[in-house]
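Below is the file final14.txt, which contains compact mmCIF, C-alpha atoms and all ligand atoms.
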# COMPACT_ATOMS: atom_id res chain seq x y z
CA MET A 32 25.42 -34.76 5.58
CA LYS A 33 28.40 -34.39 7.91
CA ILE A 34 28.64 -30.83 9.14
CA GLU A 35 32.22 -29.57 9.36
CA ARG A 36 31.76 -26.11 10.73
CA ILE A 37 29.09 -23.69 11.90
CA GLU A 38 29.74 -19.99 12.25
CA LEU A 39 27.62 -17.33 13.95
CA ARG A 40 27.96 -13.70 12.99
CA LEU A 41 26.25 -10.63 14.31
CA ILE A 42 25.97 -7.98 11.61
CA GLN A 43 24.61 -4.44 11.88
CA MET A 44 22.74 -2.83 9.00
CA PRO A 45 21.16 0.65 9.16
CA LEU A 46 17.70 0.81 7.56
CA LEU A 47 17.34 3.43 4.83
CA SER A 48 14.41 4.85 6.78
CA PRO A 49 13.08 4.07 10.26
CA PHE A 50 10.29 1.48 10.53
CA GLU A 51 7.66 2.12 13.21
CA THR A 52 4.98 -0.26 14.50
CA SER A 53 2.60 -0.16 17.47
CA PHE A 54 5.41 -1.63 19.60
CA GLY A 55 8.26 0.66 18.59
CA ARG A 56 10.66 2.04 16.02
CA THR A 57 13.62 0.35 14.34
CA THR A 58 16.50 2.25 12.74
CA LEU A 59 19.40 -0.20 12.94
CA ARG A 60 18.98 -3.92 12.34
CA ARG A 61 21.15 -6.30 14.34
CA ILE A 62 21.04 -9.62 12.54
CA VAL A 63 22.56 -12.97 13.48
CA LEU A 64 23.64 -14.96 10.43
CA VAL A 65 24.35 -18.69 10.58
CA ARG A 66 26.87 -20.11 8.14
CA VAL A 67 27.14 -23.90 7.81
CA ASP A 68 29.91 -25.70 5.89
CA VAL A 69 29.36 -29.25 4.65
CA GLU A 70 31.65 -31.08 2.22
CA GLY A 71 32.77 -27.97 0.36
CA ARG A 72 29.30 -26.40 0.30
CA THR A 73 28.19 -23.39 2.30
CA GLY A 74 24.65 -22.66 3.47
CA TRP A 75 23.29 -19.51 5.09
CA GLY A 76 20.43 -18.77 7.46
CA GLU A 77 19.20 -15.62 9.20
CA VAL A 78 17.78 -15.06 12.68
CA THR A 79 14.78 -12.80 12.08
CA ALA A 80 14.35 -11.65 15.70
CA GLY A 81 13.90 -7.95 16.37
CA GLU A 82 16.48 -5.98 18.38
CA SER A 83 14.15 -5.76 21.40
CA PRO A 84 11.73 -8.43 22.75
CA PHE A 85 8.59 -6.58 21.58
CA TYR A 86 7.33 -8.59 18.57
CA SER A 87 8.27 -11.78 20.42
CA TYR A 88 10.57 -12.65 23.34
CA GLU A 89 13.43 -13.53 20.98
CA THR A 90 16.29 -11.11 20.30
CA PRO A 91 19.65 -11.55 18.52
CA GLU A 92 21.19 -12.23 21.95
CA THR A 93 18.69 -14.91 23.02
CA ALA A 94 19.15 -16.59 19.64
CA TRP A 95 22.95 -16.47 19.95
CA HIS A 96 22.67 -18.12 23.40
CA ILE A 97 20.27 -20.86 22.27
CA LEU A 98 22.32 -21.54 19.12
CA ARG A 99 25.74 -21.55 20.84
CA ASP A 100 24.78 -23.50 23.96
CA PHE A 101 22.17 -25.94 22.60
CA LEU A 102 21.28 -26.07 18.91
CA ILE A 103 24.80 -25.98 17.48
CA PRO A 104 26.31 -28.59 19.87
CA TRP A 105 23.31 -30.88 19.22
CA THR A 106 23.64 -30.42 15.46
CA LEU A 107 27.40 -31.06 15.39
CA LYS A 108 27.06 -34.32 17.36
CA LYS A 109 25.26 -36.21 14.60
CA SER A 110 25.22 -36.79 10.90
CA TRP A 111 21.95 -35.70 9.25
CA ASN A 112 20.12 -37.22 6.30
CA ASP A 113 17.67 -34.45 5.70
CA PRO A 114 17.12 -30.90 7.00
CA SER A 115 13.60 -31.91 8.04
CA ASP A 116 15.19 -34.14 10.73
CA LEU A 117 16.34 -31.08 12.68
CA ALA A 118 12.91 -29.83 13.79
CA PRO A 119 12.00 -33.00 15.72
CA ALA A 120 15.51 -33.06 17.26
CA PHE A 121 15.09 -29.42 18.38
CA ARG A 122 11.62 -30.01 19.87
CA PRO A 123 12.81 -30.44 23.52
CA ILE A 124 13.74 -26.74 23.43
CA ARG A 125 10.51 -24.88 23.97
CA GLY A 126 9.96 -21.89 21.72
CA HIS A 127 13.03 -20.07 20.33
CA TYR A 128 11.69 -20.68 16.83
CA MET A 129 13.77 -17.97 15.19
CA ALA A 130 17.02 -19.45 16.53
CA LYS A 131 15.98 -22.90 15.29
CA ALA A 132 14.88 -21.57 11.91
CA ALA A 133 18.20 -19.90 11.13
CA LEU A 134 20.13 -23.16 11.53
CA GLU A 135 17.55 -25.37 9.83
CA ASN A 136 17.21 -23.01 6.87
CA ALA A 137 20.99 -22.94 6.31
CA LEU A 138 20.83 -26.74 5.96
CA TRP A 139 17.97 -26.44 3.45
CA ASP A 140 20.20 -24.14 1.40
CA ILE A 141 22.93 -26.83 1.42
CA ALA A 142 20.48 -29.65 0.65
CA ALA A 143 19.21 -27.72 -2.39
CA GLN A 144 22.79 -27.25 -3.63
CA GLU A 145 23.54 -30.96 -3.13
CA LYS A 146 20.46 -31.96 -5.10
CA ASN A 147 21.19 -29.26 -7.68
CA LEU A 148 17.69 -27.82 -7.22
CA PRO A 149 16.44 -24.30 -6.57
CA LEU A 150 15.52 -24.09 -2.89
CA ALA A 151 11.93 -23.23 -3.85
CA LYS A 152 11.64 -26.52 -5.78
CA LEU A 153 13.17 -28.57 -2.97
CA VAL A 154 10.65 -27.30 -0.41
CA GLY A 155 7.70 -27.90 -2.73
CA GLY A 156 7.35 -24.60 -4.56
CA THR A 157 5.33 -24.62 -7.74
CA VAL A 158 5.18 -21.04 -9.03
CA GLU A 159 7.59 -19.01 -11.18
CA GLU A 160 6.91 -15.63 -9.68
CA ILE A 161 5.39 -14.46 -6.43
CA PRO A 162 2.99 -11.55 -5.83
CA CYS A 163 4.39 -8.79 -3.63
CA GLY A 164 2.99 -6.26 -1.23
CA VAL A 165 4.61 -3.73 1.07
CA SER A 166 4.31 -3.06 4.79
CA ILE A 167 4.34 0.66 5.56
CA GLY A 168 5.17 1.79 9.09
CA ILE A 169 3.61 4.52 11.20
CA LYS A 170 4.70 7.93 9.84
CA PRO A 171 5.04 11.35 11.48
CA SER A 172 1.96 12.61 9.58
CA ILE A 173 -0.88 11.43 7.34
CA PRO A 174 0.38 13.41 4.27
CA GLU A 175 3.75 11.64 4.60
CA LEU A 176 2.00 8.28 4.77
CA LEU A 177 -0.11 9.10 1.69
CA GLU A 178 3.03 10.02 -0.26
CA THR A 179 4.59 6.69 0.68
CA VAL A 180 1.46 4.78 -0.37
CA ALA A 181 1.43 6.67 -3.69
CA ARG A 182 5.07 5.79 -4.33
CA GLU A 183 4.60 2.07 -3.58
CA VAL A 184 1.43 1.83 -5.68
CA ALA A 185 3.28 3.54 -8.57
CA ALA A 186 6.15 1.04 -8.14
CA GLY A 187 3.63 -1.72 -8.88
CA TYR A 188 3.19 -3.37 -5.47
CA GLN A 189 -0.06 -5.36 -5.50
CA ARG A 190 -1.17 -4.75 -1.92
CA ILE A 191 -0.58 -2.06 0.67
CA LYS A 192 -0.38 -2.89 4.36
CA VAL A 193 -0.28 -0.11 6.91
CA LYS A 194 0.60 -0.38 10.55
CA VAL A 195 -2.12 0.84 12.92
CA LYS A 196 -2.44 1.57 16.64
CA PRO A 197 -4.93 3.54 18.76
CA GLY A 198 -4.85 7.13 17.47
CA TRP A 199 -3.36 6.06 14.08
CA ASP A 200 -6.06 3.87 12.58
CA VAL A 201 -9.55 4.93 11.45
CA ASN A 202 -8.32 8.46 10.63
CA VAL A 203 -5.47 7.01 8.58
CA LEU A 204 -7.60 4.41 6.76
CA ASP A 205 -10.16 7.13 5.97
CA ALA A 206 -7.46 9.28 4.37
CA ILE A 207 -6.05 6.37 2.36
CA ARG A 208 -9.46 5.29 1.06
CA ALA A 209 -10.34 8.89 0.10
CA ARG A 210 -7.29 9.00 -2.18
CA PHE A 211 -7.00 5.30 -3.17
CA PRO A 212 -10.57 3.90 -3.17
CA ARG A 213 -9.68 0.68 -5.01
CA ILE A 214 -6.24 -0.55 -3.91
CA LEU A 215 -5.89 -3.83 -2.04
CA LEU A 216 -5.45 -2.55 1.50
CA MET A 217 -4.95 -4.13 4.92
CA ALA A 218 -3.97 -3.07 8.44
CA ASP A 219 -1.57 -4.66 10.94
CA ALA A 220 -2.04 -3.78 14.62
CA ASN A 221 0.71 -5.96 16.16
CA SER A 222 -1.54 -6.61 19.19
CA ALA A 223 -2.33 -2.96 19.93
CA TYR A 224 -5.99 -3.55 20.91
CA SER A 225 -8.11 -5.62 23.27
CA LEU A 226 -11.71 -6.82 23.15
CA ALA A 227 -12.62 -3.70 25.14
CA ASP A 228 -11.99 -1.81 21.84
CA ILE A 229 -14.65 -3.81 19.97
CA THR A 230 -16.83 -0.79 19.07
CA HIS A 231 -13.78 0.96 17.64
CA LEU A 232 -12.56 -2.14 15.77
CA LYS A 233 -15.99 -2.53 14.14
CA GLU A 234 -15.34 0.81 12.39
CA PHE A 235 -12.57 -0.92 10.38
CA ASP A 236 -15.31 -2.78 8.49
CA ARG A 237 -16.17 0.24 6.39
CA PHE A 238 -12.78 0.37 4.61
CA ASN A 239 -13.09 -2.82 2.58
CA LEU A 240 -9.85 -4.20 4.02
CA MET A 241 -8.48 -7.52 2.78
CA MET A 242 -7.84 -8.33 6.44
CA VAL A 243 -6.84 -6.94 9.82
CA GLU A 244 -3.66 -8.57 11.11
CA GLN A 245 -3.14 -9.52 14.77
CA PRO A 246 -5.45 -6.93 16.34
CA LEU A 247 -5.46 -8.55 19.82
CA GLY A 248 -3.00 -10.25 22.20
CA TRP A 249 0.26 -11.66 20.78
CA ASP A 250 -0.48 -15.08 22.35
CA ASP A 251 -4.27 -15.03 22.08
CA LEU A 252 -6.69 -17.17 20.07
CA LEU A 253 -9.95 -17.05 22.03
CA ASP A 254 -10.52 -13.29 21.96
CA HIS A 255 -9.67 -13.21 18.25
CA ALA A 256 -12.44 -15.80 17.73
CA ARG A 257 -14.85 -13.58 19.66
CA LEU A 258 -13.78 -10.56 17.62
CA GLN A 259 -14.05 -12.38 14.27
CA LYS A 260 -17.71 -13.23 15.05
CA GLN A 261 -18.49 -9.53 15.40
CA ILE A 262 -16.65 -8.01 12.43
CA THR A 263 -16.87 -8.69 8.70
CA THR A 264 -13.19 -7.90 7.95
CA PRO A 265 -11.22 -11.16 7.92
CA VAL A 266 -8.83 -11.54 10.84
CA CYS A 267 -5.29 -12.67 9.92
CA LEU A 268 -3.05 -14.08 12.65
CA ASP A 269 0.69 -13.45 12.78
CA GLU A 270 2.20 -13.42 16.33
CA SER A 271 -0.16 -16.13 17.70
CA ILE A 272 0.83 -18.90 15.26
CA HIS A 273 4.04 -20.92 15.88
CA THR A 274 3.03 -24.47 14.96
CA ALA A 275 0.70 -26.45 12.72
CA ASP A 276 -1.32 -27.22 15.86
CA ASP A 277 -1.70 -23.50 16.63
CA ALA A 278 -2.98 -23.02 13.07
CA ARG A 279 -5.42 -25.92 13.35
CA LYS A 280 -6.81 -24.67 16.65
CA ALA A 281 -7.09 -21.08 15.42
CA ILE A 282 -8.99 -22.17 12.32
CA GLU A 283 -11.27 -24.58 14.23
CA MET A 284 -12.11 -21.86 16.75
CA GLY A 285 -12.80 -19.28 14.06
CA ALA A 286 -10.01 -17.05 15.38
CA CYS A 287 -8.86 -16.15 11.85
CA LYS A 288 -9.66 -16.60 8.17
CA ILE A 289 -6.11 -16.00 6.92
CA ILE A 290 -2.65 -16.80 8.30
CA ASN A 291 0.63 -14.96 7.80
CA ILE A 292 3.53 -17.46 7.80
CA LYS A 293 6.96 -16.22 8.85
CA LEU A 294 9.79 -18.73 8.54
CA GLY A 295 11.43 -17.52 11.74
CA ARG A 296 8.24 -17.49 13.82
CA VAL A 297 7.42 -21.13 12.93
CA GLY A 298 10.96 -22.52 13.31
CA GLY A 299 12.02 -22.85 9.66
CA PHE A 300 10.89 -24.61 6.48
CA THR A 301 9.69 -27.78 8.21
CA GLY A 302 7.36 -25.81 10.48
CA ALA A 303 6.30 -23.51 7.65
CA ARG A 304 5.37 -26.42 5.39
CA ALA A 305 3.32 -27.97 8.19
CA VAL A 306 1.38 -24.75 8.84
CA HIS A 307 0.92 -24.35 5.07
CA GLU A 308 -0.51 -27.90 4.84
CA VAL A 309 -2.98 -27.37 7.69
CA CYS A 310 -4.19 -24.16 6.06
CA ARG A 311 -4.41 -25.61 2.56
CA ALA A 312 -6.46 -28.60 3.73
CA ARG A 313 -8.93 -26.15 5.27
CA HIS A 314 -8.93 -23.67 2.34
CA VAL A 315 -7.37 -20.94 4.46
CA PRO A 316 -5.13 -18.68 2.35
CA VAL A 317 -1.64 -17.87 3.61
CA TRP A 318 0.97 -15.28 2.73
CA CYS A 319 4.61 -14.70 3.61
CA GLY A 320 5.28 -12.18 6.36
CA GLY A 321 8.46 -10.13 6.66
CA MET A 322 10.79 -9.19 9.51
CA LEU A 323 12.91 -6.50 7.81
CA GLU A 324 15.25 -9.24 6.65
CA SER A 325 18.63 -8.90 4.99
CA GLY A 326 18.99 -10.52 1.58
CA ILE A 327 19.59 -13.93 3.12
CA GLY A 328 16.30 -14.10 5.03
CA ARG A 329 14.61 -12.47 2.04
CA ALA A 330 15.89 -15.21 -0.30
CA HIS A 331 14.48 -17.87 2.04
CA ASN A 332 11.15 -15.98 2.10
CA ILE A 333 11.01 -15.99 -1.70
CA ALA A 334 11.55 -19.76 -1.80
CA MET A 335 8.77 -20.34 0.74
CA SER A 336 6.38 -18.02 -1.09
CA ALA A 337 6.55 -20.35 -4.11
CA LEU A 338 4.45 -22.96 -2.25
CA PRO A 339 0.97 -23.31 -3.77
CA GLY A 340 -1.02 -22.12 -0.73
CA PHE A 341 0.68 -18.69 -0.76
CA THR A 342 -2.11 -17.16 -2.80
CA LEU A 343 -2.07 -13.64 -1.31
CA PRO A 344 0.65 -11.01 -1.85
CA GLY A 345 3.24 -11.18 0.95
CA ASP A 346 5.45 -8.66 2.76
CA VAL A 347 8.40 -9.65 0.57
CA SER A 348 9.66 -6.62 -1.32
CA ALA A 349 12.76 -5.21 -3.02
CA SER A 350 16.14 -4.95 -1.24
CA LYS A 351 16.34 -1.26 -2.13
CA ARG A 352 13.34 -0.45 0.08
CA TYR A 353 15.47 -1.35 3.11
CA TRP A 354 19.19 -1.14 2.36
CA SER A 355 21.69 1.11 0.59
CA GLU A 356 23.51 -2.13 -0.20
CA ASP A 357 22.18 -5.63 0.46
CA ILE A 358 24.39 -8.60 1.40
CA ILE A 359 23.40 -10.75 -1.58
CA GLU A 360 23.84 -10.47 -5.32
CA PRO A 361 21.87 -9.91 -7.33
CA GLU A 362 19.72 -7.85 -4.96
CA VAL A 363 16.01 -8.70 -4.77
CA THR A 364 14.12 -6.70 -7.38
CA VAL A 365 10.41 -6.39 -8.04
CA SER A 366 8.80 -6.13 -11.49
CA ALA A 367 6.58 -3.24 -12.56
CA HIS A 368 3.55 -5.47 -11.92
CA GLY A 369 4.60 -6.24 -8.36
CA THR A 370 6.18 -9.68 -8.61
CA ILE A 371 9.50 -11.31 -7.79
CA ARG A 372 10.81 -14.07 -10.07
CA VAL A 373 11.68 -17.19 -8.12
CA PRO A 374 15.36 -17.88 -8.93
CA LEU A 375 16.16 -20.98 -10.99
CA ALA A 376 19.74 -21.54 -9.80
CA ALA A 377 20.52 -24.31 -7.32
CA GLY A 378 20.32 -23.41 -3.62
CA LEU A 379 19.26 -19.94 -2.47
CA GLY A 380 19.65 -18.52 -5.97
CA TYR A 381 21.36 -15.39 -4.64
CA SER A 382 25.05 -15.24 -3.64
CA PRO A 383 26.02 -13.88 -0.22
CA LYS A 384 28.56 -11.05 -0.63
CA LEU A 385 31.29 -12.21 1.73
CA ALA A 386 33.29 -8.96 1.74
CA GLN A 387 30.17 -6.91 2.49
CA ILE A 388 29.16 -9.34 5.26
CA ASP A 389 32.68 -9.06 6.75
CA LYS A 390 32.42 -5.29 6.70
CA LEU A 391 29.14 -5.37 8.65
CA THR A 392 30.18 -8.05 11.16
CA VAL A 393 30.54 -6.89 14.77
CA ARG A 394 31.00 -10.32 16.39
CA LYS A 395 31.66 -13.85 15.23
CA GLU A 396 32.22 -17.27 16.73
CA SER A 397 32.78 -20.64 15.07
CA PHE A 398 32.15 -24.20 16.12
CA GLU A 399 33.58 -27.46 14.75
O1 LIG B 1 4.11 -7.69 12.13
O2 LIG B 1 4.51 -8.12 10.10
C1 LIG B 1 4.88 -7.65 11.17
C2 LIG B 1 8.31 -5.97 10.79
C3 LIG B 1 8.88 -6.28 12.00
C4 LIG B 1 8.14 -6.99 12.92
C5 LIG B 1 6.84 -7.39 12.64
C6 LIG B 1 6.26 -7.10 11.42
C7 LIG B 1 7.00 -6.34 10.49
C8 LIG B 1 6.49 -5.91 9.21
C9 LIG B 1 7.55 -5.60 8.17
O3 LIG B 1 5.33 -5.69 8.97
C10 LIG B 1 7.53 -6.46 6.99
C11 LIG B 1 8.76 -6.23 6.15
O4 LIG B 1 8.73 -5.32 5.31
O5 LIG B 1 9.73 -6.97 6.30
MG MG B 2 2.33 -8.65 11.49
The structure given in the file should be rewritten as structure tokens.
Amino acid sequence: MKIERIELRLIQMPLLSPFETSFGRTTLRRIVLVRVDVEGRTGWGEVTAGESPFYSYETPETAWHILRDFLIPWTLKKSWNDPSDLAPAFRPIRGHYMAKAALENALWDIAAQEKNLPLAKLVGGTVEEIPCGVSIGIKPSIPELLETVAREVAAGYQRIKVKVKPGWDVNVLDAIRARFPRILLMADANSAYSLADITHLKEFDRFNLMMVEQPLGWDDLLDHARLQKQITTPVCLDESIHTADDARKAIEMGACKIINIKLGRVGGFTGARAVHEVCRARHVPVWCGGMLESGIGRAHNIAMSALPGFTLPGDVSASKRYWSEDIIEPEVTVSAHGTIRVPLAAGLGYSPKLAQIDKLTVRKESFE
């Protein structure tokens, strides 16, 4: 494919309610969108970086810089046969996976349109609907959290994940289990603990959690392996896994029993498929993580979740949990039994709403 034009846009979208994790609170999303035009077709990708460098070092501004000054000029210089050729070409740039993913994923959208296939099919998806969970942030009080859990369980979501941190963990899990003894429940610490907290972390074992996500350092494997030996709750890694090699090493070391795959964190569909393969070969279940995406990133997440190794409910949920109005149509909806139907139309399967995107755009730049 010969790329004619690439456009970067920074959009701002207020969340319907603030989302708080152990590393901070988000109220307004600042999202970089990548639009690619090839022979009359348009593909879209989303940079999933947070506003501040707390989940990872990437932000919308670092991604804009890496895209504008490196990835886009490199991409425009050549003609590409397949979107999977981008990842090896981008390898000299260390890290910056979310910047790479946004551009690569836009090309996957175009490739799916060219081949007249749903994106999920093109990347190897095999299922018709995906199981959905929700990620619930830290709330001002336990009663408010319990009300939120009750609402999401009533909506049909198959699994509840709650964010934890020191001071908002065992007390919170106790209260949830008292009211909801049987729901599928897990906790995500976003690196809020260290091995010094081992006695405290062992208390998590009494809540029958599906897993505890990224309890220790954001770049650690070894301490997670030490922790996993001493607790019965499966450890799931999120922040620590960027490549198929990271996944292989983590599994070989016993650092985790489950992996959360985020398209942005692993550099796009090529990286995600490689991590998925490593996990599948070793019978390690994976699920799709979320980064409070707009409809565009959400649509990519749905396509990835159709791969056969995604056997656990992911953090992919309905547009209306985040936005008063999403930037795609139709919006992402979830059935009463907590599933999303994988779209059958060619490409993303959702149409970007150009007027709405224009309204939210605060900066744009194009490259030919
Ligand atoms: O660790 O999974 C995470 C949101 C922002 C940054 C990191 C994480 C999250 C979530 C939200 O848990 C998932 C979502 O609803 O998109
Ligand atoms: Mg996480």
Practice task
Name the residues, by chain letter and number, that sit within 9 Å of ligand MG 2 (chain B) using all atoms listed in the file, and give them as an MDAnalysis selection string.
Solution key: chainID A and resid 86 166 194 218:222 244:245 267:270 291 320:322
Original post:
Which one of A:Pro374, A:Gly164, A:Pro114, A:Gly74 sits closest to Arg352 (chain A) if you count all atoms listed in the file?
Top reply: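 Among A:Pro374, A:Gly164, A:Pro114, A:Gly74, it is A:Gly164 that comes nearest to Arg352 (chain A).
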key: Gap from CA of Val158 (chain A) to CA of Ser271 (chain A) - Å, one decimal   =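 Rounded to one decimal, the two atoms are 27.7 Å apart.
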>> Report as number ranges by chain all protein, DNA and RNA residues lying within 10 Å of Phe238 (chain A), evaluated on all atoms listed in the file, omitting residues in the same chain fewer than 6 positions from it.
In response: A: 201, 204-205, 207-209, 212, 216-217, 264
Would you output that residue set with C-alpha atoms, as a PDB file, keeping the file's coordinate frame?
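Resulting contents of out_0.pdb:
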ATOM      1  CA  VAL A 201      -9.550   4.930  11.450  1.00  0.00           C
ATOM      2  CA  LEU A 204      -7.600   4.410   6.760  1.00  0.00           C
ATOM      3  CA  ASP A 205     -10.160   7.130   5.970  1.00  0.00           C
ATOM      4  CA  ILE A 207      -6.050   6.370   2.360  1.00  0.00           C
ATOM      5  CA  ARG A 208      -9.460   5.290   1.060  1.00  0.00           C
ATOM      6  CA  ALA A 209     -10.340   8.890   0.100  1.00  0.00           C
ATOM      7  CA  PRO A 212     -10.570   3.900  -3.170  1.00  0.00           C
ATOM      8  CA  LEU A 216      -5.450  -2.550   1.500  1.00  0.00           C
ATOM      9  CA  MET A 217      -4.950  -4.130   4.920  1.00  0.00           C
ATOM     10  CA  THR A 264     -13.190  -7.900   7.950  1.00  0.00           C
TER      11      THR A 264
END
query = What lies within 7 Å of region 56-71 of chain A using only C-alpha atoms, ignoring chain neighbours under 5 positions off, as a list in words?
reply = Met32, Lys33, Ile34, Glu35, Arg36, Ile37, Glu38, Leu39, Arg40, Leu41, Ile42, Gln43, Met44, Pro45, Leu46, Ser48, Pro49, Phe50, Glu51, Gly76, Glu77, Val78, Glu82, Pro91, Ala133, Leu134 and Ala137 of chain A
Reconstruct all heavy atoms of region 227-234 of chain A from the incomplete input and present them as a compact mmCIF listing (two decimals), keeping the file's coordinate frame.
# COMPACT_ATOMS: atom_id res chain seq x y z
N ALA A 227 -11.95 -4.91 24.63
CA ALA A 227 -12.62 -3.70 25.14
C ALA A 227 -12.77 -2.65 24.03
O ALA A 227 -13.61 -1.75 24.13
CB ALA A 227 -11.84 -3.12 26.32
N ASP A 228 -11.95 -2.77 22.96
CA ASP A 228 -11.99 -1.81 21.84
C ASP A 228 -12.96 -2.24 20.74
O ASP A 228 -12.89 -1.72 19.63
CB ASP A 228 -10.59 -1.66 21.23
CG ASP A 228 -9.56 -1.21 22.24
OD1 ASP A 228 -9.81 -0.21 22.93
OD2 ASP A 228 -8.49 -1.86 22.34
N ILE A 229 -13.84 -3.20 21.04
CA ILE A 229 -14.65 -3.81 19.97
C ILE A 229 -15.45 -2.78 19.15
O ILE A 229 -15.50 -2.88 17.92
CB ILE A 229 -15.58 -4.92 20.55
CG1 ILE A 229 -16.34 -5.65 19.45
CG2 ILE A 229 -16.55 -4.38 21.56
CD1 ILE A 229 -15.61 -6.82 18.92
N THR A 230 -16.03 -1.79 19.80
CA THR A 230 -16.83 -0.79 19.07
C THR A 230 -15.93 -0.06 18.06
O THR A 230 -16.31 0.17 16.91
CB THR A 230 -17.45 0.23 20.05
OG1 THR A 230 -17.98 -0.50 21.15
CG2 THR A 230 -18.53 1.04 19.41
N HIS A 231 -14.74 0.27 18.51
CA HIS A 231 -13.78 0.96 17.64
C HIS A 231 -13.33 0.04 16.50
O HIS A 231 -13.29 0.45 15.33
CB HIS A 231 -12.59 1.41 18.49
CG HIS A 231 -11.60 2.23 17.73
ND1 HIS A 231 -11.91 3.48 17.23
CD2 HIS A 231 -10.31 1.99 17.36
CE1 HIS A 231 -10.86 3.97 16.60
NE2 HIS A 231 -9.88 3.08 16.66
N LEU A 232 -13.03 -1.21 16.81
CA LEU A 232 -12.56 -2.14 15.77
C LEU A 232 -13.62 -2.39 14.71
O LEU A 232 -13.30 -2.63 13.55
CB LEU A 232 -12.09 -3.45 16.42
CG LEU A 232 -10.78 -3.34 17.23
CD1 LEU A 232 -10.54 -4.61 18.05
CD2 LEU A 232 -9.60 -3.08 16.29
N LYS A 233 -14.90 -2.34 15.12
CA LYS A 233 -15.99 -2.53 14.14
C LYS A 233 -15.97 -1.45 13.06
O LYS A 233 -16.41 -1.68 11.94
CB LYS A 233 -17.35 -2.51 14.85
CG LYS A 233 -17.71 -3.83 15.52
CD LYS A 233 -19.09 -3.74 16.14
CE LYS A 233 -19.48 -5.06 16.77
NZ LYS A 233 -20.71 -4.93 17.58
N GLU A 234 -15.42 -0.27 13.39
CA GLU A 234 -15.34 0.81 12.39
C GLU A 234 -14.42 0.42 11.22
O GLU A 234 -14.56 0.96 10.13
CB GLU A 234 -14.82 2.09 13.04
CG GLU A 234 -15.81 2.77 13.97
CD GLU A 234 -15.29 4.11 14.43
OE1 GLU A 234 -14.99 4.96 13.56
OE2 GLU A 234 -15.14 4.30 15.65
